[in-house]
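Peer 1: The structure file start_29.tsv (TSV, C-alpha atoms and all ligand atoms) is provided below.
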```tsv
chain	number	residue	atom	x	y	z
O	93	MET	CA	161.81	104.74	87.55
O	94	ASN	CA	159.59	105.41	90.54
O	95	ILE	CA	158.16	102.31	92.19
O	96	CYS	CA	156.02	102.06	95.30
O	97	PHE	CA	154.66	99.15	97.28
O	98	LEU	CA	151.40	98.96	99.17
O	99	THR	CA	152.32	96.74	102.12
O	100	ASP	CA	151.11	96.11	105.62
O	101	ASN	CA	152.89	98.39	108.07
O	102	TRP	CA	156.56	98.25	106.95
O	103	GLU	CA	157.90	97.96	110.51
O	104	ASN	CA	155.78	94.85	111.12
O	105	ILE	CA	156.75	92.97	107.97
O	106	ASP	CA	158.44	89.62	108.45
O	107	TYR	CA	161.45	90.55	106.30
O	108	GLU	CA	162.77	86.98	106.24
O	109	ASN	CA	159.62	85.29	105.03
O	110	ASP	CA	157.91	87.94	102.95
O	111	SER	CA	158.96	87.90	99.30
O	112	THR	CA	158.24	91.64	99.14
O	113	THR	CA	161.59	92.28	100.81
O	114	HIS	CA	163.32	90.73	97.79
O	115	ILE	CA	161.40	92.77	95.21
O	116	ILE	CA	162.04	96.01	97.12
O	117	HIS	CA	165.74	95.16	97.45
O	118	GLU	CA	165.99	94.58	93.69
O	119	SER	CA	164.18	97.85	92.99
O	120	VAL	CA	166.57	99.87	95.17
O	121	LYS	CA	169.58	97.99	93.74
O	122	ARG	CA	168.52	99.04	90.24
O	123	GLY	CA	168.46	102.66	91.36
O	124	HIS	CA	164.69	103.13	91.23
O	125	LYS	CA	163.13	105.60	93.63
O	126	THR	CA	161.35	103.14	95.91
O	127	ALA	CA	158.71	103.76	98.56
O	128	VAL	CA	156.29	101.84	100.78
O	129	PHE	CA	152.91	102.81	102.17
O	130	SER	CA	149.94	101.11	103.79
O	131	ASN	CA	146.16	101.44	103.46
O	132	ASN	CA	146.14	103.87	106.38
O	133	ASP	CA	148.53	106.25	104.61
O	134	LEU	CA	146.22	107.06	101.69
O	135	ALA	CA	144.68	110.51	101.28
O	136	ILE	CA	143.12	112.76	98.66
O	137	ARG	CA	144.05	116.42	98.36
O	138	GLN	CA	142.10	118.48	95.83
O	139	SER	CA	141.08	115.31	94.02
O	140	ILE	CA	144.65	113.98	93.77
O	141	ALA	CA	145.38	110.62	95.43
O	142	LEU	CA	148.42	110.76	97.68
O	143	ALA	CA	150.02	108.69	100.36
O	144	HIS	CA	152.21	109.39	103.34
O	145	MET	CA	155.01	107.29	101.88
O	146	LYS	CA	158.21	106.03	103.39
O	147	VAL	CA	160.89	106.51	100.74
O	148	PHE	CA	164.04	104.36	100.87
O	149	ILE	CA	167.20	106.37	101.24
O	150	HIS	CA	169.73	104.70	98.95
O	151	PRO	CA	172.73	103.68	101.04
O	152	GLU	CA	176.20	104.08	99.52
O	153	LYS	CA	176.63	100.35	99.51
O	154	ILE	CA	173.53	98.20	99.24
O	155	HIS	CA	173.87	95.01	101.28
O	156	ALA	CA	173.74	91.86	99.14
O	157	SER	CA	171.24	90.24	101.51
O	158	PRO	CA	167.67	91.55	101.02
O	159	ILE	CA	166.90	90.73	104.65
O	160	ILE	CA	169.83	92.64	106.14
O	161	PHE	CA	169.12	95.47	103.69
O	162	ALA	CA	165.50	95.61	104.90
O	163	LYS	CA	166.43	95.48	108.59
O	164	LYS	CA	168.92	98.34	108.21
O	165	ALA	CA	166.93	100.40	105.73
O	166	LYS	CA	166.58	104.10	106.42
O	167	LEU	CA	163.41	105.69	105.17
O	168	ARG	CA	162.21	109.27	104.84
O	169	GLU	CA	158.54	110.12	105.20
O	170	GLU	CA	157.00	112.18	102.43
O	171	LEU	CA	153.50	112.90	101.17
O	172	LEU	CA	153.65	111.90	97.49
O	173	PRO	CA	151.09	111.62	94.67
O	174	LEU	CA	150.35	108.08	93.52
O	175	ASN	CA	150.40	109.11	89.88
O	176	GLY	CA	154.03	110.20	90.25
O	177	PHE	CA	154.90	106.51	90.34
O	178	ASP	CA	155.47	104.39	87.24
O	179	VAL	CA	154.62	101.17	89.05
O	180	ILE	CA	152.58	100.30	92.14
O	181	PHE	CA	152.97	96.82	93.59
O	182	LEU	CA	150.16	95.60	95.85
O	183	ARG	CA	151.88	93.53	98.49
O	184	ALA	CA	149.58	93.74	101.53
O	185	ASN	CA	147.77	90.74	102.94
O	186	PRO	CA	144.61	89.87	100.99
O	187	PRO	CA	141.94	90.94	100.39
O	188	ILE	CA	142.63	94.51	99.25
O	189	ASN	CA	139.79	96.62	100.62
O	190	GLU	CA	137.35	98.35	98.30
O	191	ILE	CA	138.33	101.86	99.38
O	192	THR	CA	141.98	101.23	98.57
O	193	LEU	CA	140.89	100.00	95.14
O	194	ASN	CA	138.96	103.26	94.68
O	195	PHE	CA	142.12	105.28	95.45
O	196	LEU	CA	143.97	103.20	92.86
O	197	ASP	CA	141.16	103.69	90.32
O	198	THR	CA	142.12	107.35	90.14
O	199	VAL	CA	145.62	106.55	88.80
O	200	LYS	CA	145.19	103.25	87.00
O	201	ASP	CA	145.30	104.78	83.51
O	202	ASN	CA	148.76	106.28	83.97
O	203	THR	CA	150.43	103.99	86.44
O	204	PHE	CA	151.16	100.28	85.96
O	205	ILE	CA	149.58	98.45	88.89
O	206	VAL	CA	150.56	94.88	89.70
O	207	ASN	CA	147.94	93.55	89.62
O	208	ASP	CA	145.47	95.57	87.60
O	209	VAL	CA	142.72	97.12	89.75
O	210	ASP	CA	139.87	95.64	87.73
O	211	GLY	CA	141.60	92.26	87.72
O	212	LEU	CA	141.91	92.45	91.49
O	213	ARG	CA	138.21	93.16	91.85
O	214	ARG	CA	137.55	90.07	89.79
O	215	ALA	CA	140.06	87.89	91.60
O	216	ASN	CA	140.13	89.35	95.10
O	217	ASN	CA	138.85	86.21	96.78
O	218	LYS	CA	138.52	82.47	96.32
O	219	ILE	CA	135.51	82.71	93.96
O	220	TYR	CA	137.86	83.62	91.10
O	221	PRO	CA	138.74	80.04	90.00
O	222	ALA	CA	135.03	79.55	89.26
O	223	SER	CA	135.51	81.86	86.26
O	224	PHE	CA	137.80	79.19	84.76
O	225	HIS	CA	135.02	76.67	84.88
O	226	HIS	CA	133.71	77.22	81.37
O	227	PHE	CA	137.01	76.40	79.67
O	228	ALA	CA	138.92	74.36	82.24
O	229	SER	CA	136.36	72.67	84.47
O	230	HIS	CA	138.58	69.60	84.90
O	231	LEU	CA	141.13	71.81	86.69
O	232	ILE	CA	138.72	73.16	89.29
O	233	PRO	CA	137.73	71.10	92.35
O	234	GLU	CA	134.03	70.74	93.07
O	235	THR	CA	133.35	73.96	94.97
O	236	HIS	CA	130.30	75.48	96.67
O	237	VAL	CA	129.99	78.94	98.21
O	238	SER	CA	127.16	80.13	100.43
O	239	LYS	CA	126.25	81.75	103.73
O	240	ASN	CA	123.11	79.65	104.05
O	241	LYS	CA	123.71	77.14	106.84
O	242	GLU	CA	120.93	74.71	105.91
O	243	TYR	CA	121.93	74.69	102.26
O	244	LEU	CA	125.54	73.90	103.16
O	245	TYR	CA	124.42	71.25	105.62
O	246	GLN	CA	122.36	69.55	102.89
O	247	LEU	CA	125.32	69.62	100.51
O	248	ILE	CA	127.50	67.87	103.08
O	249	ASP	CA	124.76	65.45	104.07
O	250	GLN	CA	123.98	64.44	100.49
O	251	SER	CA	127.55	64.38	99.22
O	252	GLU	CA	129.11	61.10	98.13
O	253	ASN	CA	132.36	62.33	99.66
O	254	LYS	CA	132.91	61.28	103.24
O	255	LYS	CA	135.05	64.33	103.89
O	256	MET	CA	135.12	67.83	102.50
O	257	ILE	CA	137.13	71.01	102.99
O	258	LEU	CA	135.58	73.99	104.71
O	259	LYS	CA	137.30	77.38	104.51
O	260	PRO	CA	136.55	81.11	104.59
O	261	LEU	CA	136.22	82.98	101.31
O	262	ASN	CA	138.84	85.55	102.23
O	263	GLY	CA	141.37	83.56	104.22
O	264	TYR	CA	145.09	83.28	103.61
O	265	GLY	CA	148.03	81.40	105.08
O	266	GLY	CA	145.84	78.36	105.68
O	267	LYS	CA	143.76	80.19	108.33
O	268	CYS	CA	140.62	78.28	109.31
O	269	VAL	CA	140.95	75.61	106.59
O	270	ILE	CA	139.50	72.41	108.05
O	271	ILE	CA	138.31	68.98	106.99
O	272	ILE	CA	134.68	68.32	107.73
O	273	GLU	CA	133.69	64.66	107.97
O	274	GLN	CA	130.20	63.26	107.45
O	275	SER	CA	130.71	61.04	110.48
O	276	ALA	CA	130.80	64.18	112.66
O	277	LYS	CA	127.32	65.12	111.50
O	278	ARG	CA	126.13	66.28	114.89
O	279	ASN	CA	128.82	68.97	114.94
O	280	ILE	CA	128.35	70.28	111.43
O	281	ARG	CA	125.57	72.83	112.04
O	282	SER	CA	127.41	74.26	115.00
O	283	LEU	CA	130.63	74.55	112.98
O	284	LEU	CA	128.78	76.22	110.12
O	285	ASP	CA	127.29	78.68	112.60
O	286	PHE	CA	130.74	79.52	113.87
O	287	TYR	CA	132.12	80.07	110.36
O	288	ILE	CA	129.15	82.01	108.98
O	289	ASN	CA	128.21	84.28	111.90
O	290	ASP	CA	130.59	86.58	113.69
O	291	GLY	CA	127.91	88.17	115.84
O	292	LYS	CA	127.40	91.16	113.53
O	293	ASN	CA	127.78	89.91	109.97
O	294	LYS	CA	127.26	86.76	107.98
O	295	HIS	CA	130.16	85.51	105.89
O	296	HIS	CA	130.26	83.41	102.74
O	297	ILE	CA	132.17	80.22	103.21
O	298	ILE	CA	133.59	77.62	100.85
O	299	LEU	CA	132.81	73.96	100.87
O	300	GLN	CA	135.10	72.06	98.58
O	301	GLU	CA	135.80	68.52	97.53
O	302	TYR	CA	138.79	67.14	99.46
O	303	ILE	CA	141.39	66.57	96.77
O	304	GLU	CA	142.92	63.15	97.20
O	305	GLY	CA	146.68	63.30	97.46
O	306	ALA	CA	146.66	66.60	99.36
O	307	GLU	CA	148.50	64.94	102.22
O	308	LYS	CA	151.52	64.66	99.89
O	309	GLY	CA	151.51	68.43	99.48
O	310	ASP	CA	150.62	71.06	96.93
O	311	THR	CA	152.61	72.78	94.25
O	312	ARG	CA	152.99	76.57	94.44
O	313	VAL	CA	153.69	78.05	91.02
O	314	ILE	CA	154.60	81.69	90.52
O	315	MET	CA	153.12	83.00	87.28
O	316	LEU	CA	154.53	86.17	85.70
O	317	ASN	CA	152.82	87.63	82.65
O	318	GLY	CA	151.12	84.30	81.95
O	319	GLU	CA	154.19	82.10	82.33
O	320	ALA	CA	155.41	79.86	85.12
O	321	ILE	CA	158.70	81.26	86.44
O	322	GLY	CA	159.10	79.40	89.74
O	323	TRP	CA	157.70	76.42	91.62
O	324	VAL	CA	158.06	74.55	94.87
O	325	LYS	CA	156.28	71.74	96.69
O	326	ARG	CA	154.77	72.48	100.10
O	327	VAL	CA	154.04	69.58	102.39
O	328	PRO	CA	151.69	69.72	105.40
O	329	GLY	CA	153.17	69.54	108.87
O	330	LYS	CA	152.62	66.52	111.10
O	331	ASP	CA	148.94	66.02	111.97
O	332	ASP	CA	147.76	68.95	109.86
O	333	ILE	CA	146.04	69.16	106.49
O	334	ARG	CA	147.43	72.53	105.46
O	335	SER	CA	150.63	72.88	103.55
O	336	ASN	CA	151.09	76.64	104.02
O	337	ASN	CA	154.45	77.46	105.58
O	338	SER	CA	152.67	79.78	108.01
O	339	ALA	CA	150.56	76.80	109.14
O	340	GLY	CA	153.47	74.47	109.86
O	341	GLY	CA	154.02	73.17	106.33
O	342	SER	CA	157.49	72.79	104.88
O	343	SER	CA	158.87	73.33	101.39
O	344	VAL	CA	160.71	70.85	99.24
O	345	LYS	CA	162.35	71.17	95.85
O	346	HIS	CA	160.08	70.26	92.99
O	347	SER	CA	160.19	69.86	89.22
O	348	LEU	CA	157.00	70.81	87.42
O	349	THR	CA	155.29	67.73	86.02
O	350	GLN	CA	154.10	67.71	82.41
O	351	ALA	CA	150.50	67.99	83.64
O	352	GLU	CA	151.35	71.02	85.81
O	353	LYS	CA	153.11	72.69	82.88
O	354	GLU	CA	149.96	72.15	80.81
O	355	ILE	CA	147.80	73.72	83.54
O	356	CYS	CA	149.98	76.83	83.57
O	357	LYS	CA	149.88	77.05	79.77
O	358	GLN	CA	146.14	76.71	79.79
O	359	ILE	CA	145.34	79.38	82.34
O	360	GLY	CA	148.24	81.81	81.72
O	361	PRO	CA	146.50	83.76	78.91
O	362	LYS	CA	143.30	84.18	80.95
O	363	LEU	CA	145.29	85.55	83.91
O	364	VAL	CA	146.96	88.13	81.66
O	365	SER	CA	143.70	89.12	79.97
O	366	ASP	CA	142.23	89.64	83.46
O	367	GLY	CA	145.18	91.92	84.34
O	368	ILE	CA	146.66	89.38	86.73
O	369	TYR	CA	150.36	89.68	85.84
O	370	LEU	CA	151.77	88.21	89.04
O	371	ALA	CA	150.03	85.27	90.71
O	372	GLY	CA	150.69	82.24	92.86
O	373	LEU	CA	148.83	79.09	91.90
O	374	ASP	CA	148.22	76.34	94.44
O	375	ILE	CA	147.84	73.03	92.60
O	376	ILE	CA	146.95	69.75	94.29
O	377	ASN	CA	146.86	66.60	92.20
O	378	ASN	CA	146.38	68.64	89.00
O	379	LYS	CA	143.54	70.74	90.40
O	380	ILE	CA	143.81	74.45	91.13
O	381	VAL	CA	142.76	75.05	94.75
O	382	GLU	CA	143.62	78.71	94.84
O	383	ILE	CA	144.93	81.57	92.72
O	384	ASN	CA	146.75	84.08	94.92
O	385	VAL	CA	146.66	87.46	93.22
O	386	VAL	CA	147.43	89.74	96.13
O	387	SER	CA	150.98	89.46	97.30
O	388	PRO	CA	151.77	85.86	96.28
O	389	GLY	CA	154.60	84.56	98.42
O	390	GLY	CA	157.15	81.79	98.52
O	391	MET	CA	159.51	83.42	96.02
O	392	HIS	CA	162.45	83.57	98.41
O	393	ILE	CA	162.08	79.81	98.99
O	394	ILE	CA	161.89	79.09	95.27
O	395	ASN	CA	165.00	81.24	94.78
O	396	LYS	CA	166.94	78.99	97.14
O	397	PHE	CA	165.78	75.67	95.69
O	398	ASN	CA	165.93	76.60	92.01
O	399	ARG	CA	168.94	78.92	92.13
O	400	VAL	CA	166.97	81.75	90.58
O	401	LYS	CA	166.19	85.33	91.56
O	402	LEU	CA	162.53	85.77	90.72
O	403	GLN	CA	162.65	89.40	91.83
O	404	GLN	CA	164.89	90.04	88.79
O	405	ASN	CA	162.30	88.58	86.40
O	406	ILE	CA	159.64	90.73	88.06
O	407	LEU	CA	161.64	93.95	87.82
O	408	ASP	CA	162.64	93.17	84.21
O	409	PHE	CA	158.97	92.73	83.39
O	410	VAL	CA	157.73	96.00	84.91
O	411	GLU	CA	160.68	97.95	83.48
O	412	ASN	CA	159.76	96.64	80.01
O	413	VAL	CA	156.10	97.56	80.37
O	414	VAL	CA	156.95	101.08	81.53
O	415	SER	CA	159.56	101.66	78.83
O	416	GLU	CA	157.14	100.45	76.11
O	417	LYS	CA	154.53	102.82	77.47
O	418	GLN	CA	157.00	105.71	77.44
O	419	ASN	CA	158.08	104.89	73.87
O	420	SER	CA	154.51	104.89	72.72
O	421	ILE	CA	153.86	108.31	74.33
O	422	LYS	CA	157.04	109.64	72.67
O	423	LYS	CA	155.94	108.29	69.26
O	424	LYS	CA	152.50	109.81	69.72
O	425	LEU	CA	154.03	113.24	70.42
O	426	GLU	CA	156.33	112.95	67.37
O	427	HIS	CA	153.42	111.97	65.14
O	428	ARG	CA	151.28	114.72	66.58
O	429	LYS	CA	153.98	117.23	65.73
O	430	LEU	CA	154.16	115.90	62.14
O	431	VAL	CA	150.45	116.54	61.76
O	432	GLN	CA	150.73	119.91	63.49
O	433	ASP	CA	153.48	120.97	61.10
O	434	ALA	CA	151.59	119.88	57.97
O	435	ASN	CA	151.29	122.79	55.62
O	436	ILE	CA	147.74	124.09	55.49
O	437	LYS	CA	148.46	127.37	53.84
O	438	SER	CA	146.99	127.96	50.42
O	439	LYS	CA	149.86	128.87	48.13
U	1	LIG	N1	140.12	71.14	98.46
U	1	LIG	C1	141.20	70.83	99.19
U	1	LIG	N2	141.61	69.53	99.30
U	1	LIG	C2	142.68	69.22	100.07
U	1	LIG	N3	143.42	70.11	100.75
U	1	LIG	C3	143.08	71.41	100.67
U	1	LIG	C4	141.94	71.84	99.89
U	1	LIG	N4	141.81	73.18	100.00
U	1	LIG	C5	142.82	73.57	100.81
U	1	LIG	N5	143.60	72.53	101.21
U	1	LIG	C6	144.79	72.59	102.07
U	1	LIG	O1	144.77	73.80	102.80
U	1	LIG	C7	145.80	74.70	102.35
U	1	LIG	C8	145.28	76.14	102.33
U	1	LIG	O2	144.16	76.26	101.47
U	1	LIG	P1	143.98	77.42	100.42
U	1	LIG	O3	142.70	77.22	99.72
U	1	LIG	O4	145.20	77.51	99.55
U	1	LIG	O5	143.82	78.72	101.34
U	1	LIG	P2	144.88	79.81	101.86
U	1	LIG	O6	144.50	81.05	101.15
U	1	LIG	O7	144.62	79.90	103.32
U	1	LIG	O8	146.25	79.35	101.51
U	1	LIG	C9	146.20	74.19	100.96
U	1	LIG	O9	147.50	74.58	100.62
U	1	LIG	C10	146.04	72.68	101.18
U	1	LIG	O10	147.14	72.17	101.90
U	2	MG	MG	146.89	78.81	99.53
```
Could you write out this file's structure as structure tokens?

Peer 2:
Amino acid sequence: MNICFLTDNWENIDYENDSTTHIIHESVKRGHKTAVFSNNDLAIRQSIALAHMKVFIHPEKIHASPIIFAKKAKLREELLPLNGFDVIFLRANPPINEITLNFLDTVKDNTFIVNDVDGLRRANNKIYPASFHHFASHLIPETHVSKNKEYLYQLIDQSENKKMILKPLNGYGGKCVIIIEQSAKRNIRSLLDFYINDGKNKHHIILQEYIEGAEKGDTRVIMLNGEAIGWVKRVPGKDDIRSNNSAGGSSVKHSLTQAEKEICKQIGPKLVSDGIYLAGLDIINNKIVEINVVSPGGMHIINKFNRVKLQQNILDFVENVVSEKQNSIKKKLEHRKLVQDANIKSK
């Protein structure tokens, strides 16, 4: 098979902490033609979407460690059409920009994209959990989104909660997630100004109920094709509220509780029907704070704790999808030939 990965610049990837390294390693190990490219490498020639790809040269012996493999990898640059690939994994930092999605639109009917382009449009930022509200409102924390400073101020002022979470709509890795306390009222407008205005543009921001128990950590669950395949607990660092590893949090082994299993069961089918085949859920005290649909991470940590290799599940899944697709095309051609060969001559 041919598999490519949209990543941030390959040379700058943190091979040790980015789960992408593991998926790429598995792809090369299985003998798939494997390539990486970034947003900046995309082009169109005569209406065909292409990318200046870096294709992995398969070494004679593939190192067992994904990290060493990645560090030593030799790649050859080639301009290749996106629709020549059976699978495209989107593994860049979120959000995926609209122009990149437009490039992918041109191949989405023939190439399996993880995750689906239309699903990504729906779930490309932290508004997405609001679409679960009508059937799973108990799983969603009280959440407000706006770029209107006075409106947000009123919400904080009138809230029964003494503290709330403030965060950007498009953040990741815990960036700019803060607690806002009613007692600091005199600072709130100034803070809102800072978050909303960057000088040129106004940004939507999220105001969310502080979920009690967050200080004990959140559960990251990796969902593949609607099912939980891996989980880990992430605990905030000392004197911080954020449990992201990139914000000083640490990971500990975890067993999914019955309630967490139920949450995954409940939302799995909706993820799949939205074309979100691979996702990372962040659950705090049985509420979903975030659904990561672009490049969910933490898989390499889960692998260590749970003695699994999630990259194998992922590759098994995409291989199955592609082979089913190919079988159905083959069947179609056979059936077409049967019809073609039907005798239409009058005797
Ligand atoms: N509503 C909340 N209540 C308590 N803690 C929160 C809340 N929202 C976020 N956090 C803390 O901040 C971290 C990062 O927030 P999250 O919404 O997952 O954004 P990011 O995309 O930056 O990971 C969470 O893992 C959690 O530790
Ligand atoms: Mg998160």

Peer 1: What does the list of residues within 12 Å of ligand MG 2 (chain U) look like if you count all atoms listed in the file, written as a PyMOL selection string?

Peer 2: chain O and resi 186+217-218+259-269+309-313+326+328+333-339+341+371-376+380-390

Peer 1: So that I have them on file, write out the residues from the current selection with C-alpha atoms, as a PDB file, in the coordinates of the input.

Peer 2:
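Wrote it out as result.pdb, contents follow:
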```
ATOM      1  CA  PRO O 186     144.610  89.870 100.990  1.00  0.00           C
ATOM      2  CA  ASN O 217     138.850  86.210  96.780  1.00  0.00           C
ATOM      3  CA  LYS O 218     138.520  82.470  96.320  1.00  0.00           C
ATOM      4  CA  LYS O 259     137.300  77.380 104.510  1.00  0.00           C
ATOM      5  CA  PRO O 260     136.550  81.110 104.590  1.00  0.00           C
ATOM      6  CA  LEU O 261     136.220  82.980 101.310  1.00  0.00           C
ATOM      7  CA  ASN O 262     138.840  85.550 102.230  1.00  0.00           C
ATOM      8  CA  GLY O 263     141.370  83.560 104.220  1.00  0.00           C
ATOM      9  CA  TYR O 264     145.090  83.280 103.610  1.00  0.00           C
ATOM     10  CA  GLY O 265     148.030  81.400 105.080  1.00  0.00           C
ATOM     11  CA  GLY O 266     145.840  78.360 105.680  1.00  0.00           C
ATOM     12  CA  LYS O 267     143.760  80.190 108.330  1.00  0.00           C
ATOM     13  CA  CYS O 268     140.620  78.280 109.310  1.00  0.00           C
ATOM     14  CA  VAL O 269     140.950  75.610 106.590  1.00  0.00           C
ATOM     15  CA  GLY O 309     151.510  68.430  99.480  1.00  0.00           C
ATOM     16  CA  ASP O 310     150.620  71.060  96.930  1.00  0.00           C
ATOM     17  CA  THR O 311     152.610  72.780  94.250  1.00  0.00           C
ATOM     18  CA  ARG O 312     152.990  76.570  94.440  1.00  0.00           C
ATOM     19  CA  VAL O 313     153.690  78.050  91.020  1.00  0.00           C
ATOM     20  CA  ARG O 326     154.770  72.480 100.100  1.00  0.00           C
ATOM     21  CA  PRO O 328     151.690  69.720 105.400  1.00  0.00           C
ATOM     22  CA  ILE O 333     146.040  69.160 106.490  1.00  0.00           C
ATOM     23  CA  ARG O 334     147.430  72.530 105.460  1.00  0.00           C
ATOM     24  CA  SER O 335     150.630  72.880 103.550  1.00  0.00           C
ATOM     25  CA  ASN O 336     151.090  76.640 104.020  1.00  0.00           C
ATOM     26  CA  ASN O 337     154.450  77.460 105.580  1.00  0.00           C
ATOM     27  CA  SER O 338     152.670  79.780 108.010  1.00  0.00           C
ATOM     28  CA  ALA O 339     150.560  76.800 109.140  1.00  0.00           C
ATOM     29  CA  GLY O 341     154.020  73.170 106.330  1.00  0.00           C
ATOM     30  CA  ALA O 371     150.030  85.270  90.710  1.00  0.00           C
ATOM     31  CA  GLY O 372     150.690  82.240  92.860  1.00  0.00           C
ATOM     32  CA  LEU O 373     148.830  79.090  91.900  1.00  0.00           C
ATOM     33  CA  ASP O 374     148.220  76.340  94.440  1.00  0.00           C
ATOM     34  CA  ILE O 375     147.840  73.030  92.600  1.00  0.00           C
ATOM     35  CA  ILE O 376     146.950  69.750  94.290  1.00  0.00           C
ATOM     36  CA  ILE O 380     143.810  74.450  91.130  1.00  0.00           C
ATOM     37  CA  VAL O 381     142.760  75.050  94.750  1.00  0.00           C
ATOM     38  CA  GLU O 382     143.620  78.710  94.840  1.00  0.00           C
ATOM     39  CA  ILE O 383     144.930  81.570  92.720  1.00  0.00           C
ATOM     40  CA  ASN O 384     146.750  84.080  94.920  1.00  0.00           C
ATOM     41  CA  VAL O 385     146.660  87.460  93.220  1.00  0.00           C
ATOM     42  CA  VAL O 386     147.430  89.740  96.130  1.00  0.00           C
ATOM     43  CA  SER O 387     150.980  89.460  97.300  1.00  0.00           C
ATOM     44  CA  PRO O 388     151.770  85.860  96.280  1.00  0.00           C
ATOM     45  CA  GLY O 389     154.600  84.560  98.420  1.00  0.00           C
ATOM     46  CA  GLY O 390     157.150  81.790  98.520  1.00  0.00           C
TER      47      GLY O 390
END
```

Peer 1: So what do you get for atom CA of O:Asp110 versus atom CA of O:Phe224, distance-wise?

Peer 2: 28.5 Å

Peer 1: Residues within 10 Å of O:Val400, please, as an MDAnalysis selection string. Count only C-alpha atoms; anything in the same chain fewer than 5 positions from it doesn't count.

Peer 2: chainID O and resid 321:322 391:395 405

Peer 1: Atom CA of O:Pro151 and atom CA of O:Asp133, how far apart in Å?

Peer 2: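 Pair atom CA of O:Asp133 / atom CA of O:Pro151 returns 24.6 Å.
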
Peer 1: One number please: atom CA of O:Glu252 to atom CA of O:Val327, in Å, one decimal.

Peer 2: 26.7 Å

Peer 1: When you count all atoms listed in the file, which of these residues is closest to ligand LIG 1 (chain U): O:Asn185, O:Ser275, O:Gln432, O:Gln403?

Peer 2: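 Counting all atoms listed in the file, the residue closest to ligand LIG 1 (chain U) is O:Asn185.
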
Peer 1: To test the calculation: enclose all listed atoms of stretch 384-398 of chain O in a box whose edges run along x, y and z, add 3 Å on each side, then state centre and edge lengths in Å to one decimal, as AutoDock Vina command-line options.

Peer 2:
```
--center_x 156.8 --center_y 82.7 --center_z 95.5 --size_x 26.3 --size_y 20.1 --size_z 13.0
```

Peer 1: Give as number ranges by chain every residue, naming chains and numbers as the document does, that has an atom within 12 Å of (168.2, 99.8, 105.0), counting only C-alpha atoms.

Peer 2: O: 102-103, 107, 113, 116-117, 120-121, 126, 146-168

Peer 1: Nearest to ligand LIG 1 (chain U): which of O:Lys396, O:Lys401, O:Lys325, O:Lys439 is it, counting all atoms listed in the file?

Peer 2: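 Answer, going by the shortest atom-to-atom distance: O:Lys325.
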
Peer 1: Residues within 9 Å of stretch 414-419 of chain O, please, as a list of chain:residue names. Count all atoms listed in the file; anything in the same chain fewer than 6 positions from it doesn't count.

Peer 2: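 Listed by chain and then number, they are O:Met93, O:Asp178, O:Val179, O:Thr203, O:Phe204.
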
Peer 1: Would you mind completing stretch 257-268 of chain O to N, CA and C atoms and writing the output as a PDB file, in the coordinates of the input?

Peer 2:
```pdb
ATOM      1  N   ILE O 257     136.361  69.892 102.407  1.00  0.00           N
ATOM      2  CA  ILE O 257     137.130  71.010 102.990  1.00  0.00           C
ATOM      3  C   ILE O 257     136.199  72.185 103.226  1.00  0.00           C
ATOM      4  N   LEU O 258     136.351  72.801 104.375  1.00  0.00           N
ATOM      5  CA  LEU O 258     135.580  73.990 104.710  1.00  0.00           C
ATOM      6  C   LEU O 258     136.587  75.113 104.950  1.00  0.00           C
ATOM      7  N   LYS O 259     136.356  76.265 104.298  1.00  0.00           N
ATOM      8  CA  LYS O 259     137.300  77.380 104.510  1.00  0.00           C
ATOM      9  C   LYS O 259     136.615  78.709 104.251  1.00  0.00           C
ATOM     10  N   PRO O 260     137.152  79.792 104.828  1.00  0.00           N
ATOM     11  CA  PRO O 260     136.550  81.110 104.590  1.00  0.00           C
ATOM     12  C   PRO O 260     136.882  81.599 103.185  1.00  0.00           C
ATOM     13  N   LEU O 261     136.035  82.474 102.668  1.00  0.00           N
ATOM     14  CA  LEU O 261     136.220  82.980 101.310  1.00  0.00           C
ATOM     15  C   LEU O 261     137.457  83.864 101.197  1.00  0.00           C
ATOM     16  N   ASN O 262     137.772  84.555 102.291  1.00  0.00           N
ATOM     17  CA  ASN O 262     138.840  85.550 102.230  1.00  0.00           C
ATOM     18  C   ASN O 262     140.077  85.185 103.037  1.00  0.00           C
ATOM     19  N   GLY O 263     140.240  83.913 103.355  1.00  0.00           N
ATOM     20  CA  GLY O 263     141.370  83.560 104.220  1.00  0.00           C
ATOM     21  C   GLY O 263     142.690  83.575 103.462  1.00  0.00           C
ATOM     22  N   TYR O 264     143.766  83.463 104.193  1.00  0.00           N
ATOM     23  CA  TYR O 264     145.090  83.280 103.610  1.00  0.00           C
ATOM     24  C   TYR O 264     145.972  82.598 104.636  1.00  0.00           C
ATOM     25  N   GLY O 265     147.092  82.050 104.162  1.00  0.00           N
ATOM     26  CA  GLY O 265     148.030  81.400 105.080  1.00  0.00           C
ATOM     27  C   GLY O 265     147.447  80.164 105.751  1.00  0.00           C
ATOM     28  N   GLY O 266     146.406  79.593 105.148  1.00  0.00           N
ATOM     29  CA  GLY O 266     145.840  78.360 105.680  1.00  0.00           C
ATOM     30  C   GLY O 266     144.867  78.587 106.846  1.00  0.00           C
ATOM     31  N   LYS O 267     144.614  79.879 107.160  1.00  0.00           N
ATOM     32  CA  LYS O 267     143.760  80.190 108.330  1.00  0.00           C
ATOM     33  C   LYS O 267     142.378  79.573 108.196  1.00  0.00           C
ATOM     34  N   CYS O 268     141.988  78.823 109.198  1.00  0.00           N
ATOM     35  CA  CYS O 268     140.620  78.280 109.310  1.00  0.00           C
ATOM     36  C   CYS O 268     140.265  77.283 108.213  1.00  0.00           C
TER      37      CYS O 268
END
```
